[in-house]
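Peer 1: mmCIF, N, CA and C atoms, file model35.cif:
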```cif
data_structure
#
loop_
_atom_site.label_atom_id
_atom_site.label_comp_id
_atom_site.auth_asym_id
_atom_site.auth_seq_id
_atom_site.Cartn_x
_atom_site.Cartn_y
_atom_site.Cartn_z
N MET M 5 -8.36 -6.93 -26.80
CA MET M 5 -8.50 -6.01 -25.70
C MET M 5 -9.59 -6.52 -24.76
N SER M 6 -9.31 -6.47 -23.48
CA SER M 6 -10.23 -7.01 -22.49
C SER M 6 -10.68 -5.90 -21.54
N PHE M 7 -11.97 -5.86 -21.32
CA PHE M 7 -12.51 -4.88 -20.38
C PHE M 7 -13.05 -5.63 -19.17
N THR M 8 -12.68 -5.18 -18.00
CA THR M 8 -13.19 -5.79 -16.78
C THR M 8 -13.97 -4.76 -15.99
N THR M 9 -14.92 -5.25 -15.25
CA THR M 9 -15.74 -4.35 -14.43
C THR M 9 -15.43 -4.51 -12.95
N THR M 10 -14.40 -5.29 -12.63
CA THR M 10 -14.07 -5.47 -11.22
C THR M 10 -13.35 -4.23 -10.70
N PRO M 11 -13.74 -3.75 -9.53
CA PRO M 11 -13.07 -2.57 -8.98
C PRO M 11 -11.66 -2.93 -8.53
N PRO M 12 -10.77 -1.96 -8.45
CA PRO M 12 -9.42 -2.26 -7.98
C PRO M 12 -9.45 -2.74 -6.53
N ARG M 13 -8.55 -3.64 -6.23
CA ARG M 13 -8.50 -4.18 -4.86
C ARG M 13 -7.97 -3.12 -3.90
N MET M 14 -8.44 -3.20 -2.68
CA MET M 14 -8.03 -2.25 -1.66
C MET M 14 -6.70 -2.68 -1.07
N SER M 15 -5.83 -1.73 -0.80
CA SER M 15 -4.53 -2.04 -0.21
C SER M 15 -4.67 -2.24 1.30
N PHE M 16 -3.61 -2.73 1.91
CA PHE M 16 -3.61 -2.99 3.35
C PHE M 16 -3.86 -1.71 4.14
N GLY M 17 -3.12 -0.66 3.82
CA GLY M 17 -3.28 0.61 4.53
C GLY M 17 -4.64 1.25 4.31
N ALA M 18 -5.14 1.16 3.08
CA ALA M 18 -6.46 1.73 2.79
C ALA M 18 -7.56 0.98 3.55
N ALA M 19 -7.41 -0.33 3.67
CA ALA M 19 -8.41 -1.12 4.40
C ALA M 19 -8.43 -0.74 5.88
N ILE M 20 -7.25 -0.51 6.46
CA ILE M 20 -7.17 -0.13 7.87
C ILE M 20 -7.81 1.23 8.08
N SER M 21 -7.46 2.19 7.23
CA SER M 21 -8.02 3.54 7.40
C SER M 21 -9.52 3.54 7.15
N THR M 22 -9.99 2.77 6.18
CA THR M 22 -11.43 2.70 5.93
C THR M 22 -12.15 2.04 7.09
N GLY M 23 -11.56 0.98 7.64
CA GLY M 23 -12.19 0.29 8.77
C GLY M 23 -12.38 1.20 9.97
N PHE M 24 -11.38 2.04 10.26
CA PHE M 24 -11.51 2.93 11.41
C PHE M 24 -12.28 4.21 11.08
N ARG M 25 -12.24 4.63 9.81
CA ARG M 25 -13.01 5.81 9.43
C ARG M 25 -14.51 5.50 9.48
N LYS M 26 -14.87 4.29 9.09
CA LYS M 26 -16.28 3.86 9.15
C LYS M 26 -16.49 3.06 10.43
N TYR M 27 -16.02 3.61 11.54
CA TYR M 27 -15.99 2.95 12.84
C TYR M 27 -17.32 2.27 13.19
N ALA M 28 -18.39 2.99 13.11
CA ALA M 28 -19.70 2.45 13.49
C ALA M 28 -20.69 2.55 12.35
N ASP M 29 -20.20 2.49 11.12
CA ASP M 29 -21.06 2.59 9.94
C ASP M 29 -21.46 1.19 9.50
N PHE M 30 -22.67 0.80 9.82
CA PHE M 30 -23.17 -0.53 9.48
C PHE M 30 -23.87 -0.53 8.13
N ALA M 31 -24.01 0.65 7.51
CA ALA M 31 -24.63 0.76 6.19
C ALA M 31 -23.55 0.69 5.12
N GLY M 32 -23.94 0.36 3.92
CA GLY M 32 -22.99 0.29 2.83
C GLY M 32 -22.44 -1.11 2.64
N ARG M 33 -21.32 -1.17 1.92
CA ARG M 33 -20.75 -2.46 1.56
C ARG M 33 -19.24 -2.44 1.75
N ALA M 34 -18.67 -3.61 2.00
CA ALA M 34 -17.21 -3.76 2.12
C ALA M 34 -16.78 -4.94 1.27
N GLY M 35 -15.79 -4.73 0.44
CA GLY M 35 -15.30 -5.78 -0.43
C GLY M 35 -14.52 -6.84 0.33
N VAL M 36 -14.20 -7.91 -0.37
CA VAL M 36 -13.47 -9.02 0.24
C VAL M 36 -12.11 -8.55 0.75
N ALA M 37 -11.38 -7.80 -0.09
CA ALA M 37 -10.05 -7.34 0.30
C ALA M 37 -10.12 -6.42 1.53
N GLU M 38 -11.09 -5.52 1.54
CA GLU M 38 -11.22 -4.60 2.69
C GLU M 38 -11.44 -5.38 3.97
N PHE M 39 -12.33 -6.35 3.93
CA PHE M 39 -12.63 -7.13 5.13
C PHE M 39 -11.41 -7.91 5.60
N TRP M 40 -10.77 -8.70 4.73
CA TRP M 40 -9.69 -9.58 5.17
C TRP M 40 -8.44 -8.81 5.55
N TRP M 41 -8.13 -7.70 4.86
CA TRP M 41 -6.98 -6.90 5.27
C TRP M 41 -7.21 -6.30 6.66
N PHE M 42 -8.43 -5.82 6.91
CA PHE M 42 -8.74 -5.24 8.21
C PHE M 42 -8.66 -6.29 9.31
N ILE M 43 -9.19 -7.48 9.06
CA ILE M 43 -9.13 -8.56 10.05
C ILE M 43 -7.68 -8.98 10.30
N LEU M 44 -6.86 -9.02 9.25
CA LEU M 44 -5.44 -9.35 9.44
C LEU M 44 -4.77 -8.33 10.35
N PHE M 45 -5.04 -7.06 10.14
CA PHE M 45 -4.48 -6.01 10.99
C PHE M 45 -4.92 -6.19 12.44
N ILE M 46 -6.20 -6.45 12.66
CA ILE M 46 -6.73 -6.64 14.01
C ILE M 46 -6.03 -7.82 14.70
N VAL M 47 -5.87 -8.93 13.98
CA VAL M 47 -5.24 -10.13 14.55
C VAL M 47 -3.76 -9.87 14.87
N LEU M 48 -3.05 -9.19 13.97
CA LEU M 48 -1.63 -8.92 14.21
C LEU M 48 -1.41 -8.01 15.41
N VAL M 49 -2.22 -6.97 15.52
CA VAL M 49 -2.08 -6.06 16.68
C VAL M 49 -2.50 -6.79 17.95
N ASN M 50 -3.51 -7.63 17.88
CA ASN M 50 -3.94 -8.40 19.05
C ASN M 50 -2.82 -9.33 19.52
N ALA M 51 -2.16 -10.00 18.58
CA ALA M 51 -1.04 -10.89 18.94
C ALA M 51 0.09 -10.09 19.59
N SER M 52 0.37 -8.91 19.05
CA SER M 52 1.41 -8.06 19.64
C SER M 52 1.03 -7.62 21.05
N ALA M 53 -0.23 -7.28 21.24
CA ALA M 53 -0.69 -6.87 22.57
C ALA M 53 -0.58 -8.03 23.56
N GLN M 54 -0.84 -9.25 23.11
CA GLN M 54 -0.72 -10.41 23.99
C GLN M 54 0.74 -10.63 24.40
N VAL M 55 1.65 -10.44 23.46
CA VAL M 55 3.07 -10.58 23.79
C VAL M 55 3.49 -9.52 24.80
N LEU M 56 3.07 -8.28 24.56
CA LEU M 56 3.40 -7.20 25.50
C LEU M 56 2.77 -7.43 26.87
N ASP M 57 1.53 -7.94 26.89
CA ASP M 57 0.89 -8.25 28.17
C ASP M 57 1.66 -9.32 28.93
N GLY M 58 2.22 -10.28 28.21
CA GLY M 58 3.01 -11.33 28.86
C GLY M 58 4.29 -10.81 29.48
N MET M 59 4.77 -9.67 29.02
CA MET M 59 6.01 -9.09 29.55
C MET M 59 5.76 -8.06 30.64
N LEU M 60 4.51 -7.66 30.85
CA LEU M 60 4.23 -6.66 31.89
C LEU M 60 4.54 -7.21 33.27
N PRO M 61 5.22 -6.43 34.09
CA PRO M 61 5.49 -6.92 35.45
C PRO M 61 4.26 -6.77 36.34
N VAL M 62 4.07 -7.76 37.19
CA VAL M 62 2.94 -7.75 38.12
C VAL M 62 3.49 -8.04 39.52
N PRO M 63 3.11 -7.24 40.51
CA PRO M 63 3.60 -7.52 41.86
C PRO M 63 2.92 -8.77 42.45
N VAL M 64 3.72 -9.58 43.09
CA VAL M 64 3.21 -10.78 43.76
C VAL M 64 3.57 -10.65 45.23
N HIS M 65 2.57 -10.73 46.09
CA HIS M 65 2.78 -10.62 47.53
C HIS M 65 2.69 -12.01 48.15
N SER M 66 3.76 -12.42 48.78
CA SER M 66 3.73 -13.71 49.48
C SER M 66 4.65 -13.64 50.70
N LEU M 67 4.14 -14.08 51.82
CA LEU M 67 4.88 -14.14 53.07
C LEU M 67 5.51 -12.80 53.44
N GLY M 68 4.77 -11.73 53.19
CA GLY M 68 5.25 -10.41 53.55
C GLY M 68 6.24 -9.81 52.58
N TRP M 69 6.61 -10.53 51.57
CA TRP M 69 7.54 -10.03 50.56
C TRP M 69 6.79 -9.69 49.29
N THR M 70 7.28 -8.70 48.59
CA THR M 70 6.71 -8.36 47.30
C THR M 70 7.79 -8.56 46.25
N HIS M 71 7.49 -9.37 45.28
CA HIS M 71 8.41 -9.53 44.16
C HIS M 71 7.61 -9.42 42.85
N TRP M 72 8.32 -9.21 41.77
CA TRP M 72 7.67 -8.98 40.49
C TRP M 72 7.85 -10.20 39.60
N ARG M 73 6.83 -10.50 38.86
CA ARG M 73 6.92 -11.56 37.87
C ARG M 73 6.17 -11.08 36.63
N GLY M 74 6.34 -11.77 35.51
CA GLY M 74 5.64 -11.42 34.27
C GLY M 74 4.15 -11.67 34.41
N TYR M 75 3.36 -10.91 33.68
CA TYR M 75 1.91 -11.06 33.73
C TYR M 75 1.52 -12.48 33.37
N GLY M 76 2.20 -13.02 32.37
CA GLY M 76 2.04 -14.43 32.03
C GLY M 76 0.67 -14.82 31.54
N SER M 77 -0.09 -13.88 31.06
CA SER M 77 -1.43 -14.20 30.59
C SER M 77 -1.73 -13.39 29.34
N SER M 78 -2.52 -13.96 28.46
CA SER M 78 -2.86 -13.25 27.23
C SER M 78 -4.09 -12.37 27.39
N ASP M 79 -4.67 -12.36 28.56
CA ASP M 79 -5.85 -11.52 28.77
C ASP M 79 -5.51 -10.33 29.67
N GLY M 80 -4.37 -9.73 29.40
CA GLY M 80 -3.91 -8.59 30.17
C GLY M 80 -4.62 -7.30 29.77
N PRO M 81 -4.19 -6.20 30.34
CA PRO M 81 -4.87 -4.93 30.10
C PRO M 81 -4.76 -4.42 28.67
N LEU M 82 -3.62 -4.60 28.01
CA LEU M 82 -3.48 -4.13 26.63
C LEU M 82 -4.38 -4.89 25.68
N THR M 83 -4.42 -6.20 25.83
CA THR M 83 -5.26 -7.03 24.98
C THR M 83 -6.73 -6.71 25.21
N THR M 84 -7.09 -6.52 26.46
CA THR M 84 -8.49 -6.21 26.79
C THR M 84 -8.90 -4.87 26.20
N LEU M 85 -8.06 -3.86 26.34
CA LEU M 85 -8.39 -2.55 25.77
C LEU M 85 -8.47 -2.61 24.25
N TRP M 86 -7.56 -3.34 23.62
CA TRP M 86 -7.60 -3.46 22.17
C TRP M 86 -8.87 -4.17 21.72
N ALA M 87 -9.24 -5.24 22.40
CA ALA M 87 -10.45 -5.99 22.03
C ALA M 87 -11.71 -5.13 22.19
N LEU M 88 -11.78 -4.40 23.29
CA LEU M 88 -12.95 -3.54 23.49
C LEU M 88 -12.99 -2.39 22.48
N GLY M 89 -11.83 -1.85 22.15
CA GLY M 89 -11.77 -0.73 21.22
C GLY M 89 -12.06 -1.10 19.78
N THR M 90 -11.84 -2.36 19.42
CA THR M 90 -12.04 -2.77 18.03
C THR M 90 -13.28 -3.64 17.82
N LEU M 91 -14.06 -3.86 18.85
CA LEU M 91 -15.26 -4.68 18.71
C LEU M 91 -16.25 -4.08 17.72
N VAL M 92 -16.56 -2.81 17.87
CA VAL M 92 -17.55 -2.16 17.00
C VAL M 92 -17.06 -2.09 15.55
N PRO M 93 -15.81 -1.66 15.26
CA PRO M 93 -15.40 -1.64 13.86
C PRO M 93 -15.35 -3.01 13.21
N VAL M 94 -15.01 -4.04 13.96
CA VAL M 94 -14.99 -5.40 13.38
C VAL M 94 -16.41 -5.84 13.05
N LEU M 95 -17.35 -5.57 13.95
CA LEU M 95 -18.74 -5.91 13.65
C LEU M 95 -19.26 -5.12 12.46
N ALA M 96 -18.90 -3.85 12.37
CA ALA M 96 -19.37 -3.00 11.27
C ALA M 96 -18.84 -3.49 9.93
N VAL M 97 -17.54 -3.80 9.86
CA VAL M 97 -16.99 -4.26 8.59
C VAL M 97 -17.53 -5.65 8.24
N ALA M 98 -17.82 -6.48 9.23
CA ALA M 98 -18.40 -7.80 8.97
C ALA M 98 -19.81 -7.67 8.41
N VAL M 99 -20.61 -6.77 8.96
CA VAL M 99 -21.97 -6.56 8.46
C VAL M 99 -21.92 -6.02 7.03
N ARG M 100 -21.02 -5.06 6.78
CA ARG M 100 -20.90 -4.51 5.42
C ARG M 100 -20.42 -5.58 4.44
N ARG M 101 -19.52 -6.46 4.89
CA ARG M 101 -19.02 -7.53 4.02
C ARG M 101 -20.12 -8.53 3.68
N LEU M 102 -20.92 -8.90 4.68
CA LEU M 102 -22.03 -9.82 4.43
C LEU M 102 -23.00 -9.21 3.43
N ARG M 103 -23.30 -7.93 3.58
CA ARG M 103 -24.22 -7.26 2.67
C ARG M 103 -23.65 -7.25 1.25
N ASP M 104 -22.35 -7.04 1.12
CA ASP M 104 -21.73 -7.00 -0.20
C ASP M 104 -21.79 -8.37 -0.87
N GLY M 105 -21.73 -9.43 -0.10
CA GLY M 105 -21.81 -10.78 -0.64
C GLY M 105 -23.23 -11.26 -0.86
N GLY M 106 -24.22 -10.41 -0.59
CA GLY M 106 -25.61 -10.78 -0.80
C GLY M 106 -26.24 -11.52 0.37
N ASN M 107 -25.64 -11.43 1.55
CA ASN M 107 -26.16 -12.12 2.74
C ASN M 107 -26.72 -11.11 3.73
N ARG M 108 -27.48 -11.62 4.67
CA ARG M 108 -28.03 -10.76 5.71
C ARG M 108 -27.07 -10.73 6.90
N TRP M 109 -27.14 -9.65 7.68
CA TRP M 109 -26.25 -9.50 8.84
C TRP M 109 -26.50 -10.57 9.88
N THR M 110 -27.68 -11.17 9.87
CA THR M 110 -28.00 -12.19 10.86
C THR M 110 -27.14 -13.45 10.69
N GLN M 111 -26.42 -13.55 9.57
CA GLN M 111 -25.49 -14.67 9.38
C GLN M 111 -24.39 -14.67 10.44
N LEU M 112 -24.17 -13.53 11.10
CA LEU M 112 -23.16 -13.46 12.15
C LEU M 112 -23.52 -14.33 13.36
N PHE M 113 -24.79 -14.65 13.52
CA PHE M 113 -25.19 -15.47 14.66
C PHE M 113 -24.63 -16.89 14.56
N TRP M 114 -24.16 -17.30 13.36
CA TRP M 114 -23.51 -18.59 13.24
C TRP M 114 -22.27 -18.67 14.13
N LEU M 115 -21.69 -17.52 14.46
CA LEU M 115 -20.50 -17.51 15.31
C LEU M 115 -20.77 -18.03 16.72
N LEU M 116 -22.03 -18.15 17.09
CA LEU M 116 -22.37 -18.69 18.41
C LEU M 116 -22.12 -20.19 18.49
N LEU M 117 -22.03 -20.86 17.33
CA LEU M 117 -21.68 -22.28 17.32
C LEU M 117 -20.16 -22.38 17.37
N PRO M 118 -19.61 -23.20 18.27
CA PRO M 118 -18.17 -23.19 18.52
C PRO M 118 -17.25 -23.31 17.30
N ILE M 119 -17.25 -24.38 16.57
CA ILE M 119 -16.29 -24.54 15.47
C ILE M 119 -16.98 -24.37 14.12
N VAL M 120 -18.11 -25.00 13.97
CA VAL M 120 -18.85 -24.95 12.71
C VAL M 120 -19.24 -23.52 12.36
N GLY M 121 -19.61 -22.74 13.36
CA GLY M 121 -20.02 -21.36 13.11
C GLY M 121 -18.90 -20.52 12.54
N LEU M 122 -17.69 -20.71 13.04
CA LEU M 122 -16.54 -19.97 12.52
C LEU M 122 -16.26 -20.35 11.06
N ILE M 123 -16.38 -21.63 10.75
CA ILE M 123 -16.15 -22.09 9.38
C ILE M 123 -17.22 -21.54 8.45
N LEU M 124 -18.48 -21.62 8.85
CA LEU M 124 -19.57 -21.11 8.01
C LEU M 124 -19.47 -19.61 7.78
N THR M 125 -19.11 -18.88 8.83
CA THR M 125 -18.98 -17.43 8.70
C THR M 125 -17.81 -17.08 7.80
N ALA M 126 -16.70 -17.78 7.93
CA ALA M 126 -15.54 -17.52 7.06
C ALA M 126 -15.89 -17.78 5.60
N ILE M 127 -16.67 -18.82 5.34
CA ILE M 127 -17.10 -19.10 3.97
C ILE M 127 -17.98 -17.96 3.45
N ARG M 128 -18.89 -17.47 4.29
CA ARG M 128 -19.76 -16.36 3.89
C ARG M 128 -18.96 -15.10 3.60
N MET M 129 -17.90 -14.88 4.37
CA MET M 129 -17.08 -13.68 4.16
C MET M 129 -16.27 -13.75 2.88
N CYS M 130 -16.12 -14.95 2.31
CA CYS M 130 -15.38 -15.11 1.06
C CYS M 130 -16.28 -15.05 -0.17
N ASP M 131 -17.58 -14.92 0.02
CA ASP M 131 -18.50 -14.83 -1.12
C ASP M 131 -18.12 -13.65 -2.01
N PRO M 132 -18.20 -13.82 -3.32
CA PRO M 132 -17.90 -12.69 -4.20
C PRO M 132 -18.96 -11.59 -4.08
N SER M 133 -18.58 -10.40 -4.44
CA SER M 133 -19.51 -9.27 -4.39
C SER M 133 -20.64 -9.50 -5.38
N LYS M 134 -21.83 -9.12 -4.95
CA LYS M 134 -23.01 -9.22 -5.80
C LYS M 134 -23.51 -7.82 -6.10
N PRO M 135 -24.11 -7.62 -7.27
CA PRO M 135 -24.63 -6.29 -7.58
C PRO M 135 -25.70 -5.88 -6.57
N GLU M 136 -25.76 -4.59 -6.34
CA GLU M 136 -26.72 -4.08 -5.37
C GLU M 136 -28.14 -4.31 -5.87
N VAL M 137 -29.01 -4.75 -4.95
CA VAL M 137 -30.40 -5.05 -5.28
C VAL M 137 -31.27 -3.94 -4.70
N SER M 138 -32.25 -3.50 -5.47
CA SER M 138 -33.16 -2.49 -4.93
C SER M 138 -34.06 -3.11 -3.88
N ASN M 139 -34.63 -2.30 -3.04
CA ASN M 139 -35.47 -2.80 -1.94
C ASN M 139 -36.69 -3.54 -2.42
N GLN M 140 -37.19 -3.22 -3.61
CA GLN M 140 -38.37 -3.90 -4.13
C GLN M 140 -38.06 -5.33 -4.52
N ASP M 141 -36.83 -5.60 -4.93
CA ASP M 141 -36.46 -6.93 -5.38
C ASP M 141 -35.89 -7.80 -4.27
N ALA M 142 -35.67 -7.23 -3.08
CA ALA M 142 -35.06 -7.96 -1.99
C ALA M 142 -36.01 -9.03 -1.45
N PRO M 143 -35.50 -10.23 -1.19
CA PRO M 143 -36.37 -11.27 -0.63
C PRO M 143 -36.78 -10.94 0.80
N VAL M 144 -37.97 -11.31 1.15
CA VAL M 144 -38.47 -11.07 2.51
C VAL M 144 -38.30 -12.35 3.29
N ILE M 145 -37.44 -12.30 4.30
CA ILE M 145 -37.19 -13.51 5.11
C ILE M 145 -37.47 -13.20 6.55
#
```
Would you mind writing the file out in structure tokens?

Peer 2:
Amino acid sequence: MSFTTTPPRMSFGAAISTGFRKYADFAGRAGVAEFWWFILFIVLVNASAQVLDGMLPVPVHSLGWTHWRGYGSSDGPLTTLWALGTLVPVLAVAVRRLRDGGNRWTQLFWLLLPIVGLILTAIRMCDPSKPEVSNQDAPVI
């Protein structure tokens, strides 16, 4: 008989609801599954918004005539609204995920480096959960 202490993994739907329920909650912890399922949802909806933005008609005025063409850009209004609306929850779940892996939230500043920062941050987000440390035992950096 084997006993495990690992908590059950979070489902896709539970991760989405938790991500939006804890919209601006930077305290607490988020497991690996919660973080990656939420990020997958954000990326999929963002891709859908880009496709829809590409199909939006836009009036083009030339030589006194007005004709319509596709928006033809991935930075249309739907994508912009989605990005602005999900910025805070993505940051919140990222901070909670870093804390769960035993890292500080300042690790997010690695994202300012073009390619290396994304790789380093992705590695940090894959760190296994660490037991919670009391404030007295926390390193001072």

Peer 1: Taking the file as I've supplied it (selection: the PyMOL selection byres ((chain M and resi 39) around 8)), which residues are included? Please answer as a list in words.

Peer 2: Ala19, Ala34, Gly35, Val36, Ala37, Glu38, Trp40, Trp41, Phe42, Ile43, Leu44, Phe45, Val97, Ala98, Arg100, Arg101 and Met129 of chain M

Peer 1: Any idea what's packed within 7 Å of Pro81 in chain M, counting only C-alpha atoms, ignoring anything in its chain fewer than 3 positions away? Could you give it as number ranges by chain?

Peer 2: M: 57, 84-85

Peer 1: Smallest atom-to-atom distance to Pro135 in chain M: which of M:Gly23, M:Ala87, M:Arg33, M:Leu48, using only C-alpha atoms?

Peer 2: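 Among M:Gly23, M:Ala87, M:Arg33, M:Leu48, it is M:Arg33 that comes nearest to Pro135 in chain M.
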
Peer 1: Can you list, as a PDB file with N, CA and C atoms, keeping the file's coordinate frame, every protein, DNA or RNA residue that comes within 10 Å of Leu91 in chain M when you count only C-alpha atoms, leaving out same-chain residues fewer than 3 positions away?

Peer 2:
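Output below, filename selection_19.pdb:
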```
ATOM      1  N   TYR M  27     -16.020   3.610  11.540  1.00  0.00           N
ATOM      2  CA  TYR M  27     -15.990   2.950  12.840  1.00  0.00           C
ATOM      3  C   TYR M  27     -17.320   2.270  13.190  1.00  0.00           C
ATOM      4  N   ALA M  28     -18.390   2.990  13.110  1.00  0.00           N
ATOM      5  CA  ALA M  28     -19.700   2.450  13.490  1.00  0.00           C
ATOM      6  C   ALA M  28     -20.690   2.550  12.350  1.00  0.00           C
ATOM      7  N   ILE M  46      -6.200  -6.450  12.660  1.00  0.00           N
ATOM      8  CA  ILE M  46      -6.730  -6.640  14.010  1.00  0.00           C
ATOM      9  C   ILE M  46      -6.030  -7.820  14.700  1.00  0.00           C
ATOM     10  N   TRP M  86      -7.560  -3.340  23.620  1.00  0.00           N
ATOM     11  CA  TRP M  86      -7.600  -3.460  22.170  1.00  0.00           C
ATOM     12  C   TRP M  86      -8.870  -4.170  21.720  1.00  0.00           C
ATOM     13  N   ALA M  87      -9.240  -5.240  22.400  1.00  0.00           N
ATOM     14  CA  ALA M  87     -10.450  -5.990  22.030  1.00  0.00           C
ATOM     15  C   ALA M  87     -11.710  -5.130  22.190  1.00  0.00           C
ATOM     16  N   LEU M  88     -11.780  -4.400  23.290  1.00  0.00           N
ATOM     17  CA  LEU M  88     -12.950  -3.540  23.490  1.00  0.00           C
ATOM     18  C   LEU M  88     -12.990  -2.390  22.480  1.00  0.00           C
ATOM     19  N   VAL M  94     -15.010  -4.040  13.960  1.00  0.00           N
ATOM     20  CA  VAL M  94     -14.990  -5.400  13.380  1.00  0.00           C
ATOM     21  C   VAL M  94     -16.410  -5.840  13.050  1.00  0.00           C
ATOM     22  N   LEU M  95     -17.350  -5.570  13.950  1.00  0.00           N
ATOM     23  CA  LEU M  95     -18.740  -5.910  13.650  1.00  0.00           C
ATOM     24  C   LEU M  95     -19.260  -5.120  12.460  1.00  0.00           C
ATOM     25  N   ALA M  96     -18.900  -3.850  12.370  1.00  0.00           N
ATOM     26  CA  ALA M  96     -19.370  -3.000  11.270  1.00  0.00           C
ATOM     27  C   ALA M  96     -18.840  -3.490   9.930  1.00  0.00           C
TER      28      ALA M  96
END
```
